[in-house]
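A short worksheet on the structure shown next.
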Amino acid sequence: MPVGPDPLRERRALEGPAPASLEVGLGHILQLGTYVSVALVAAGVILLLVGGGSPLAGGPAFDLPAIPGDIVALRPAGFLWLGIVGVLSTPAIRVGRALLGFARRGEGRMVAISAGVLAVIAVGVIVGVMAR
Amino acid sequence: MEVGLLLLAGGIAAGAFGSLLGLGGGLLIVPLLTIGFGLPLREAVGVSLVCVIVTSSASAGVYLQRRQANLRLGMVLELFTAIGAVVGGAIAFLLDERMLAGIFAAILAYMALSMLRGARRTAQPPTPDEASTATDEDQVDAEPDDDARTVDADAATLGLRPVFLSRMPFAAVASLGAGLASALLGIGGGIIKVPLMHLVLGVPLRVSTATSNLMVGITASTSAVVYLLRGGIDAYAAGPTAIGVFIGASLGSRIGHRVDLRLLRLLFVAVMVYTAVEMARRALEI
């Protein structure tokens with residue numbers, strides 16, 4: 001039997017406490033994403049400084065397909081760009097995980113808000129790509 | 001090598017100062033990179049956004065696990081800060097750098113004045129009115145309170161709902177402004193979001209600070225994506241600065257209780273006034 005939106009649950013979407021397990025999980029995602037990204041950036045910085053490069057000389061432009069090759073060749077740019085992409089992606093991954101958590105609990109309003117945030121980020125990507 | 005180590009050291013100083021004074025690092029990183037290292041302002045803003053995300057994501061993770069941040073409120077408001085950030089990221093490349101420098105000078109001058117007022121207030125015993133409207137910076141001076149640290153953020157807003165919901169339209173517009181400011185100036189936007197949640201929505205100060213931290217990640221990353229794809233982020237300059245800011249922010253949170261914050265705040269006001277003057281000179285091409 002189809003079940004309509006639960007008004008009580010919908011009201012709690014903005015007002016009630018978020019489930020503790022969801023918050024703890026999101027906290028882990030933020031911390032793990034940050035530490036992994038910072039470790040990659042740190043590796044890139046070490047390679048850059050050991051190789052005698054200057055941080056103010058102007059690094060190579062962002063080129064996503066070139067990152068794996070740069071990493072295999074131990075070029076600092078690969079590690080730096082992958083770390084920066086990780087830094088920028090971590091908050092969006094947190095929102096995506098929150099969306100799944102709210103969907104599992106049937107909280108339609110919070111699912112829509114999470115989807116809205118992800119849609120705005122996607123618009124940002126489109127704006128950036130179109131202006132290149 | 002020397003320049004890289006200097007950038008790292010500058011990042012550590014900016015991160016530690018920002019953490020000790022309850023500010024994001026953005027207000028310090030942009031002047032550090034432009035005045036100290038000669039980077040173009042727009043490039044410095046791109047690097048600053050990366051640094052701001054690093055520090056805010058790490059601390060927001062802790063706040064979420066301790067249930068200090070209000071996840072639902074944060075997600076509602078970050079929808080609007082993200083829209084402001086996309087718009088800001090798009091127009092940042094259309095604005096003249098002199099105009100950006102002028103806006104930055106005005107924000108720094110405002111922050112210096114606010115901190116001076118705060119320093120004067122903490123020199124005297126607070127009246128009940130002042131205690132109830134304490135600012136973000138005041139929170140840093142307070143002794144850590146274990147009960148407050150473990151407060152349930154969502155439960156803390158219980159009882160304020162009718163006011164809270166009726167003021168959401170204003171909060172949405174102000175959040176758009178916070179996103180715009182973040183994208184144009186490379187800051188987290190906490191200087192708008194914390195007073196907005198605390199004073200307008202009636203959210204407790206500690207919860208407002210934690211929730212603002214949570215929102216900074218989405219706000220800054222939305223505009224940082226625009227900067228990244230438009231070539232506004234230099235990975236070589238961003239790397240050492242971000243690592244420095246990360247180390248500095250961690251250090252700041254550990255040594256905060258041992259530092260005379262009143263003296264530090266006055267020193268910081270002097271730095272901000274000098275930086276505001278330098279930015280104003282750039283804006284006016286003097």
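Each chain in the structure tokens gets a letter, A, B, ..., in the order shown, and its residues are numbered from 1; ligands are numbered from 1 in order too.
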
May I have the residues of chain B within 7 Å of chain A, counting only C-alpha atoms, written as a PyMOL selection string?
-> chain B and resi 1+3-4+53-54+57-58+60-62+64-65+71-73+75-76+79+82-83+86+154-155+217-218+221-223+225-226+229-231+234-237+239-240+243

(Q) Write out as a PyMOL selection string the set of residues from segment 19-114 of chain A that DSSP, computed on the backbone, places in helix (DSSP H, G or I). (A) chain A and resi 20-50+64-72+76-104+108-114

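Atom CA of Arg67 of chain B to atom CA of Lys193 of chain B spans 18.7 Å [interatomic distance, one decimal].
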
Do you know which residues are at most 12 Å from Gly190 of chain B counting only C-alpha atoms, after dropping those on the same chain fewer than 4 positions away, and could you put them as a ChimeraX atom specification?
/B:18,22-27,52,56,78,81,111,135-137,174-175,177-179,181-182,186,194-198,208-217,219-220

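A straight line drawn from atom CA of Arg262 of chain B to atom CA of Leu113 of chain B is 14.4 Å long.
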
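Taking only C-alpha atoms into account, Leu266 of chain B lies nearest to B:Ala112 out of the set B:Ile12, B:Ile233, B:Leu165, B:Ala112.
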
re atom CA of Gly46 of chain B and atom CA of Gly244 of chain B: distance 15.9 Å
